[in-house]
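Source file: protein13.pdb (PDB, C-alpha atoms, pLDDT in the B column)
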```pdb
ATOM      1  CA  MET A   1     -68.541  11.202  41.914  1.00 58.00           C
ATOM      2  CA  ARG A   2     -68.142   7.841  43.685  1.00 55.00           C
ATOM      3  CA  ALA A   3     -65.834   5.144  42.268  1.00 57.00           C
ATOM      4  CA  VAL A   4     -67.557   1.852  41.390  1.00 54.00           C
ATOM      5  CA  PRO A   5     -65.540  -1.285  42.238  1.00 53.00           C
ATOM      6  CA  ALA A   6     -64.375  -3.365  39.288  1.00 54.00           C
ATOM      7  CA  PRO A   7     -66.459  -6.464  38.398  1.00 56.00           C
ATOM      8  CA  LYS A   8     -63.614  -8.727  39.626  1.00 56.00           C
ATOM      9  CA  VAL A   9     -64.014  -7.314  43.140  1.00 50.00           C
ATOM     10  CA  TRP A  10     -67.754  -8.072  43.125  1.00 44.00           C
ATOM     11  CA  VAL A  11     -67.206 -11.621  41.880  1.00 45.00           C
ATOM     12  CA  THR A  12     -64.526 -12.224  44.507  1.00 49.00           C
ATOM     13  CA  ALA A  13     -66.715 -10.837  47.294  1.00 46.00           C
ATOM     14  CA  LEU A  14     -69.703 -12.943  46.236  1.00 45.00           C
ATOM     15  CA  THR A  15     -67.533 -16.081  45.987  1.00 48.00           C
ATOM     16  CA  VAL A  16     -66.067 -15.539  49.466  1.00 45.00           C
ATOM     17  CA  GLY A  17     -69.529 -14.938  50.915  1.00 47.00           C
ATOM     18  CA  ALA A  18     -71.009 -18.017  49.258  1.00 45.00           C
ATOM     19  CA  THR A  19     -68.095 -20.167  50.447  1.00 47.00           C
ATOM     20  CA  ALA A  20     -68.579 -18.951  54.025  1.00 45.00           C
ATOM     21  CA  VAL A  21     -72.282 -19.841  53.888  1.00 42.00           C
ATOM     22  CA  VAL A  22     -71.556 -23.348  52.511  1.00 39.00           C
ATOM     23  CA  VAL A  23     -68.929 -23.984  55.220  1.00 40.00           C
ATOM     24  CA  ALA A  24     -71.307 -22.806  57.952  1.00 43.00           C
ATOM     25  CA  LEU A  25     -74.083 -25.077  56.647  1.00 43.00           C
ATOM     26  CA  ALA A  26     -71.696 -28.047  56.410  1.00 41.00           C
ATOM     27  CA  VAL A  27     -70.598 -27.559  60.022  1.00 41.00           C
ATOM     28  CA  GLN A  28     -74.256 -27.402  61.133  1.00 49.00           C
ATOM     29  CA  ALA A  29     -75.138 -30.518  59.130  1.00 44.00           C
ATOM     30  CA  ASP A  30     -72.229 -32.446  60.647  1.00 45.00           C
ATOM     31  CA  LYS A  31     -73.570 -31.702  64.143  1.00 47.00           C
ATOM     32  CA  GLY A  32     -77.032 -33.060  63.282  1.00 44.00           C
ATOM     33  CA  ALA A  33     -78.413 -36.579  63.415  1.00 44.00           C
ATOM     34  CA  LYS A  34     -76.549 -39.128  61.293  1.00 42.00           C
ATOM     35  CA  PRO A  35     -78.509 -40.791  58.487  1.00 42.00           C
ATOM     36  CA  THR A  36     -79.568 -44.408  58.768  1.00 41.00           C
ATOM     37  CA  ALA A  37     -80.197 -46.760  55.894  1.00 39.00           C
ATOM     38  CA  THR A  38     -83.654 -48.179  55.381  1.00 40.00           C
ATOM     39  CA  ALA A  39     -84.334 -51.831  54.722  1.00 40.00           C
ATOM     40  CA  THR A  40     -85.066 -52.613  51.095  1.00 41.00           C
ATOM     41  CA  PRO A  41     -84.994 -55.942  49.322  1.00 41.00           C
ATOM     42  CA  PRO A  42     -82.069 -56.531  46.972  1.00 41.00           C
ATOM     43  CA  SER A  43     -82.756 -55.563  43.368  1.00 41.00           C
ATOM     44  CA  ALA A  44     -81.933 -57.602  40.303  1.00 41.00           C
ATOM     45  CA  SER A  45     -78.705 -56.702  38.552  1.00 40.00           C
ATOM     46  CA  ALA A  46     -78.635 -55.981  34.835  1.00 39.00           C
ATOM     47  CA  THR A  47     -75.166 -57.481  34.466  1.00 40.00           C
ATOM     48  CA  ALA A  48     -74.427 -61.015  33.343  1.00 40.00           C
ATOM     49  CA  SER A  49     -71.761 -61.272  36.038  1.00 41.00           C
ATOM     50  CA  PRO A  50     -72.167 -63.779  38.848  1.00 47.00           C
ATOM     51  CA  LYS A  51     -74.159 -62.462  41.795  1.00 49.00           C
ATOM     52  CA  PRO A  52     -73.508 -63.001  45.475  1.00 48.00           C
ATOM     53  CA  ALA A  53     -75.836 -65.652  46.898  1.00 46.00           C
ATOM     54  CA  GLU A  54     -79.205 -64.310  48.059  1.00 48.00           C
ATOM     55  CA  SER A  55     -81.360 -66.084  50.608  1.00 44.00           C
ATOM     56  CA  ALA A  56     -85.153 -66.034  50.698  1.00 50.00           C
ATOM     57  CA  LYS A  57     -85.116 -65.174  54.393  1.00 61.00           C
ATOM     58  CA  PRO A  58     -82.815 -62.365  55.609  1.00 67.00           C
ATOM     59  CA  ALA A  59     -79.959 -63.734  57.677  1.00 85.00           C
ATOM     60  CA  ARG A  60     -79.889 -62.964  61.383  1.00 93.00           C
ATOM     61  CA  VAL A  61     -77.121 -60.749  62.774  1.00 97.00           C
ATOM     62  CA  PRO A  62     -74.381 -63.101  64.068  1.00 96.00           C
ATOM     63  CA  ASP A  63     -74.135 -63.684  67.810  1.00 94.00           C
ATOM     64  CA  GLY A  64     -71.111 -62.048  69.410  1.00 94.00           C
ATOM     65  CA  SER A  65     -71.121 -59.135  66.952  1.00 96.00           C
ATOM     66  CA  GLY A  66     -71.381 -56.477  69.652  1.00 96.00           C
ATOM     67  CA  THR A  67     -74.127 -54.053  70.547  1.00 96.00           C
ATOM     68  CA  GLY A  68     -75.237 -50.611  69.480  1.00 97.00           C
ATOM     69  CA  ARG A  69     -75.067 -48.893  66.116  1.00 98.00           C
ATOM     70  CA  ARG A  70     -72.590 -50.801  63.959  1.00 98.00           C
ATOM     71  CA  ILE A  71     -71.705 -52.472  60.695  1.00 98.00           C
ATOM     72  CA  VAL A  72     -71.271 -56.244  61.027  1.00 98.00           C
ATOM     73  CA  TYR A  73     -69.240 -58.155  58.408  1.00 98.00           C
ATOM     74  CA  SER A  74     -69.301 -61.968  58.393  1.00 98.00           C
ATOM     75  CA  LEU A  75     -66.352 -63.495  56.567  1.00 98.00           C
ATOM     76  CA  GLY A  76     -67.995 -66.932  56.274  1.00 97.00           C
ATOM     77  CA  GLN A  77     -71.419 -65.690  55.162  1.00 97.00           C
ATOM     78  CA  LYS A  78     -69.994 -62.986  52.860  1.00 97.00           C
ATOM     79  CA  ARG A  79     -72.634 -60.684  54.274  1.00 98.00           C
ATOM     80  CA  VAL A  80     -72.862 -57.264  55.935  1.00 98.00           C
ATOM     81  CA  TRP A  81     -75.539 -55.968  58.315  1.00 98.00           C
ATOM     82  CA  LEU A  82     -76.285 -52.332  59.101  1.00 98.00           C
ATOM     83  CA  VAL A  83     -77.521 -52.356  62.703  1.00 98.00           C
ATOM     84  CA  ASP A  84     -78.982 -49.238  64.338  1.00 97.00           C
ATOM     85  CA  GLY A  85     -78.752 -48.177  67.998  1.00 96.00           C
ATOM     86  CA  SER A  86     -81.934 -50.068  68.899  1.00 96.00           C
ATOM     87  CA  GLU A  87     -80.382 -53.337  67.601  1.00 96.00           C
ATOM     88  CA  ALA A  88     -82.701 -53.352  64.562  1.00 96.00           C
ATOM     89  CA  THR A  89     -81.181 -54.508  61.286  1.00 96.00           C
ATOM     90  CA  ARG A  90     -81.642 -51.683  58.792  1.00 96.00           C
ATOM     91  CA  ARG A  91     -80.216 -53.617  55.859  1.00 97.00           C
ATOM     92  CA  THR A  92     -78.451 -56.876  55.100  1.00 97.00           C
ATOM     93  CA  ILE A  93     -76.084 -56.977  52.145  1.00 97.00           C
ATOM     94  CA  THR A  94     -74.381 -59.838  50.326  1.00 96.00           C
ATOM     95  CA  VAL A  95     -70.847 -58.992  49.215  1.00 97.00           C
ATOM     96  CA  TRP A  96     -67.950 -60.078  47.029  1.00 96.00           C
ATOM     97  CA  PRO A  97     -64.869 -60.051  49.305  1.00 96.00           C
ATOM     98  CA  GLY A  98     -61.345 -59.278  48.139  1.00 94.00           C
ATOM     99  CA  THR A  99     -58.439 -61.704  48.465  1.00 94.00           C
ATOM    100  CA  VAL A 100     -57.271 -60.273  51.824  1.00 95.00           C
ATOM    101  CA  ASP A 101     -59.646 -60.570  54.782  1.00 97.00           C
ATOM    102  CA  PRO A 102     -59.519 -58.452  57.926  1.00 98.00           C
ATOM    103  CA  GLU A 103     -58.948 -60.353  61.170  1.00 97.00           C
ATOM    104  CA  PRO A 104     -62.112 -60.869  63.243  1.00 98.00           C
ATOM    105  CA  GLY A 105     -62.484 -58.036  65.738  1.00 98.00           C
ATOM    106  CA  SER A 106     -63.739 -54.510  66.192  1.00 98.00           C
ATOM    107  CA  TYR A 107     -62.704 -51.607  63.957  1.00 98.00           C
ATOM    108  CA  GLU A 108     -63.873 -48.069  63.210  1.00 98.00           C
ATOM    109  CA  VAL A 109     -64.663 -46.418  59.911  1.00 98.00           C
ATOM    110  CA  GLY A 110     -61.786 -44.065  59.211  1.00 96.00           C
ATOM    111  CA  THR A 111     -61.171 -42.533  55.829  1.00 96.00           C
ATOM    112  CA  ARG A 112     -63.911 -42.422  53.213  1.00 98.00           C
ATOM    113  CA  ALA A 113     -63.626 -41.639  49.506  1.00 98.00           C
ATOM    114  CA  ALA A 114     -66.563 -40.711  47.305  1.00 98.00           C
ATOM    115  CA  ALA A 115     -64.891 -42.236  44.227  1.00 97.00           C
ATOM    116  CA  THR A 116     -61.550 -43.661  43.123  1.00 97.00           C
ATOM    117  CA  LYS A 117     -60.102 -46.511  41.085  1.00 94.00           C
ATOM    118  CA  GLY A 118     -59.882 -49.964  42.696  1.00 90.00           C
ATOM    119  CA  SER A 119     -56.682 -51.995  42.709  1.00 83.00           C
ATOM    120  CA  ASP A 120     -58.299 -54.049  39.927  1.00 84.00           C
ATOM    121  CA  GLY A 121     -58.572 -50.926  37.738  1.00 87.00           C
ATOM    122  CA  VAL A 122     -62.368 -50.644  38.099  1.00 92.00           C
ATOM    123  CA  ALA A 123     -63.920 -47.233  38.879  1.00 96.00           C
ATOM    124  CA  ILE A 124     -65.463 -47.543  42.356  1.00 97.00           C
ATOM    125  CA  GLU A 125     -67.485 -45.279  44.647  1.00 98.00           C
ATOM    126  CA  HIS A 126     -68.737 -45.104  48.242  1.00 98.00           C
ATOM    127  CA  VAL A 127     -65.388 -46.344  49.575  1.00 98.00           C
ATOM    128  CA  VAL A 128     -65.514 -46.854  53.349  1.00 98.00           C
ATOM    129  CA  TYR A 129     -62.096 -47.824  54.785  1.00 98.00           C
ATOM    130  CA  PHE A 130     -61.985 -49.581  58.147  1.00 98.00           C
ATOM    131  CA  ALA A 131     -58.918 -51.841  58.403  1.00 98.00           C
ATOM    132  CA  ALA A 132     -55.535 -52.812  56.983  1.00 96.00           C
ATOM    133  CA  GLN A 133     -54.156 -56.343  56.806  1.00 94.00           C
ATOM    134  CA  SER A 134     -50.800 -57.465  55.411  1.00 90.00           C
ATOM    135  CA  GLY A 135     -50.212 -53.936  54.058  1.00 93.00           C
ATOM    136  CA  VAL A 136     -53.532 -53.932  52.182  1.00 95.00           C
ATOM    137  CA  ASN A 137     -56.276 -51.399  52.960  1.00 96.00           C
ATOM    138  CA  ILE A 138     -59.668 -53.020  53.532  1.00 97.00           C
ATOM    139  CA  ALA A 139     -62.794 -51.119  52.500  1.00 98.00           C
ATOM    140  CA  PHE A 140     -66.410 -51.543  51.455  1.00 98.00           C
ATOM    141  CA  SER A 141     -67.259 -50.163  47.997  1.00 98.00           C
ATOM    142  CA  ASN A 142     -69.263 -50.660  44.842  1.00 97.00           C
ATOM    143  CA  ALA A 143     -68.341 -50.447  41.175  1.00 96.00           C
ATOM    144  CA  VAL A 144     -69.643 -47.260  39.559  1.00 95.00           C
ATOM    145  CA  ASP A 145     -71.138 -49.335  36.716  1.00 92.00           C
ATOM    146  CA  GLY A 146     -72.780 -51.725  39.207  1.00 87.00           C
ATOM    147  CA  SER A 147     -70.801 -54.766  38.060  1.00 89.00           C
ATOM    148  CA  SER A 148     -69.341 -57.522  40.202  1.00 91.00           C
ATOM    149  CA  PRO A 149     -65.557 -57.485  40.533  1.00 90.00           C
ATOM    150  CA  PRO A 150     -63.539 -59.353  37.923  1.00 87.00           C
ATOM    151  CA  PRO A 151     -61.683 -62.453  39.118  1.00 88.00           C
ATOM    152  CA  PRO A 152     -58.413 -61.302  40.698  1.00 87.00           C
ATOM    153  CA  GLU A 153     -55.134 -61.991  38.973  1.00 87.00           C
ATOM    154  CA  ALA A 154     -53.184 -64.887  40.457  1.00 89.00           C
ATOM    155  CA  GLY A 155     -51.465 -63.716  43.619  1.00 90.00           C
ATOM    156  CA  ALA A 156     -53.201 -60.312  43.635  1.00 92.00           C
ATOM    157  CA  LEU A 157     -53.809 -58.808  47.062  1.00 93.00           C
ATOM    158  CA  THR A 158     -57.108 -56.933  47.087  1.00 93.00           C
ATOM    159  CA  GLY A 159     -58.938 -55.573  50.120  1.00 94.00           C
ATOM    160  CA  GLY A 160     -62.077 -54.306  48.434  1.00 95.00           C
ATOM    161  CA  ILE A 161     -65.351 -55.747  49.722  1.00 97.00           C
ATOM    162  CA  ARG A 162     -67.685 -55.018  46.823  1.00 97.00           C
ATOM    163  CA  MET A 163     -71.462 -54.858  46.770  1.00 97.00           C
ATOM    164  CA  LYS A 164     -74.276 -53.786  44.489  1.00 96.00           C
ATOM    165  CA  ALA A 165     -74.577 -50.048  43.845  1.00 96.00           C
ATOM    166  CA  ALA A 166     -77.765 -49.548  45.905  1.00 96.00           C
ATOM    167  CA  ASP A 167     -76.167 -51.380  48.832  1.00 97.00           C
ATOM    168  CA  GLY A 168     -73.005 -49.279  48.458  1.00 97.00           C
ATOM    169  CA  SER A 169     -75.105 -46.112  48.701  1.00 97.00           C
ATOM    170  CA  ALA A 170     -76.838 -47.393  51.844  1.00 98.00           C
ATOM    171  CA  LEU A 171     -73.558 -48.386  53.511  1.00 98.00           C
ATOM    172  CA  TRP A 172     -72.014 -45.015  52.564  1.00 98.00           C
ATOM    173  CA  ALA A 173     -74.889 -43.151  54.260  1.00 98.00           C
ATOM    174  CA  PHE A 174     -74.756 -45.396  57.351  1.00 98.00           C
ATOM    175  CA  GLY A 175     -70.965 -45.820  57.699  1.00 98.00           C
ATOM    176  CA  THR A 176     -69.854 -42.351  58.707  1.00 97.00           C
ATOM    177  CA  ALA A 177     -66.403 -41.779  60.230  1.00 97.00           C
ATOM    178  CA  GLY A 178     -66.161 -43.401  63.665  1.00 97.00           C
ATOM    179  CA  THR A 179     -68.894 -46.009  63.031  1.00 98.00           C
ATOM    180  CA  THR A 180     -67.988 -49.356  64.568  1.00 98.00           C
ATOM    181  CA  VAL A 181     -67.303 -52.240  62.171  1.00 98.00           C
ATOM    182  CA  THR A 182     -67.362 -55.702  63.745  1.00 98.00           C
ATOM    183  CA  VAL A 183     -65.797 -58.520  61.736  1.00 98.00           C
ATOM    184  CA  VAL A 184     -66.862 -62.074  62.660  1.00 98.00           C
ATOM    185  CA  GLU A 185     -66.030 -65.489  61.248  1.00 96.00           C
TER     186      GLU A 185
END
```
Give the structure from this file in structure tokens form.
Amino acid sequence: MRAVPAPKVWVTALTVGATAVVVALAVQADKGAKPTATATPPSASATASPKPAESAKPARVPDGSGTGRRIVYSLGQKRVWLVDGSEATRRTITVWPGTVDPEPGSYEVGTRAAATKGSDGVAIEHVVYFAAQSGVNIAFSNAVDGSSPPPPEAGALTGGIRMKAADGSALWAFGTAGTTVTVVE
């Protein structure tokens, strides 16, 4: 008579096998083409919070913002562009900047976090870090509830560049690790 392995052994073996398959698929997916965001008009927000200014005509990518696939952030316009490798703007996004701005220049997306809590205590998602200034990490993100950020406390140093939830999703898909971020005045 043959001994039958205990149910724990079967569960462990199936779990190990499933984990190996998921890891193999993740490695294959990482080697594939990177997603690009598609252009969609901004949607109305259901919150009563102030909105970033919207223009009737999409703003043009600033001169001197580099070439190739990149994220462009204009400090003065409070706007972000997702630009693909053919120099086409895939999306333009109005933003609510934090109290600490990155210096103009070229950066790369580094760490990303699917969700966390902002320095203002708000639950945020799609956090794409790209710079640090005056000891403050600078990142694009959106509030999980879709709201605009509350006014910062006097003297608060915040590096979050917030946007609407749909825009945060688009930037998250576009801004993979290593993507260039160009900051202009």
**Message:** Evaluate the PyMOL selection byres ((chain A and resi 166-169) around 7) against this structure - the residues, as a ChimeraX atom specification, please.
**Reply:** /A:93,126,141-142,163-165,170-173
Could you write out that same residue set with C-alpha atoms as an mmCIF file, keeping the file's coordinate frame?
```cif
data_model
loop_
_atom_site.group_PDB
_atom_site.id
_atom_site.type_symbol
_atom_site.label_atom_id
_atom_site.label_comp_id
_atom_site.auth_asym_id
_atom_site.auth_seq_id
_atom_site.Cartn_x
_atom_site.Cartn_y
_atom_site.Cartn_z
ATOM 1 C CA ILE A 93 -76.084 -56.977 52.145
ATOM 2 C CA HIS A 126 -68.737 -45.104 48.242
ATOM 3 C CA SER A 141 -67.259 -50.163 47.997
ATOM 4 C CA ASN A 142 -69.263 -50.660 44.842
ATOM 5 C CA MET A 163 -71.462 -54.858 46.770
ATOM 6 C CA LYS A 164 -74.276 -53.786 44.489
ATOM 7 C CA ALA A 165 -74.577 -50.048 43.845
ATOM 8 C CA ALA A 170 -76.838 -47.393 51.844
ATOM 9 C CA LEU A 171 -73.558 -48.386 53.511
ATOM 10 C CA TRP A 172 -72.014 -45.015 52.564
ATOM 11 C CA ALA A 173 -74.889 -43.151 54.260
#
```
**Prompt:** Restricting the calculation to only C-alpha atoms, which member of A:Ser106, A:Thr92, A:Gln77, A:Thr67 is positioned closest to A:Gly178?
**Reply:**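 The shortest atom-to-atom distance to A:Gly178 comes from A:Ser106.
Counting all atoms listed in the file, the residue from A:Pro149, A:Ile161, A:Gly175, A:Glu87 that sits nearest to A:Ser74 is A:Ile161.
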**Message:** To test your reading of the syntax: which residues would the PyMOL selection byres ((chain A and resi 89) around 12) return for the file shown? Reply as a VMD selection string.
**Reply:** chain A and resid 36 to 40 58 to 62 67 to 72 80 to 88 90 to 93 174
**Output of the PyMOL selection byres ((chain A and resi 131) around 10), listed as a ChimeraX atom specification** = /A:101-103,106-111,128-130,132-133,135-139,159,181
**Asked** For A:Gly121, which residue among A:Gly155, A:Val144, A:Val100, A:Ser134 is the nearest when counting all atoms listed in the file?
**Response**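 Smallest separation from A:Gly121 among the options: A:Val144.
What separates atom CA of A:Val183 from atom CA of A:Tyr73 is a distance of 4.8 Å.
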**Shortest interatomic distance to A:Ser147 - which of A:Gly76, A:Arg112, A:Gly160, A:Ile124, counting only C-alpha atoms** =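 Ranking A:Gly76, A:Arg112, A:Gly160, A:Ile124 by distance to A:Ser147, first place goes to A:Ile124.
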**Request:** Go through A:Thr94, A:Ala115, A:Val184, A:Arg162 one by one, measure the shortest atom-to-atom distance of each to A:Gly64 using all atoms listed in the file, and give the residue with the smallest value.
**Result:**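 Closest residue, counting all atoms listed in the file: A:Val184.
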**Message:** For a quick check of understanding, using all atoms listed in the file, which of A:Gly146, A:Leu157, A:Ala177, A:Ser65 has the smallest distance to A:Gly105?
**Reply:**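 So, comparing all the options, the nearest one is A:Ser65.
You will find atom CA of A:Phe140 at 21.8 Å from atom CA of A:Asp63.
Across the structure, atom CA of A:Glu153 and atom CA of A:Thr116 are spaced 19.9 Å apart.
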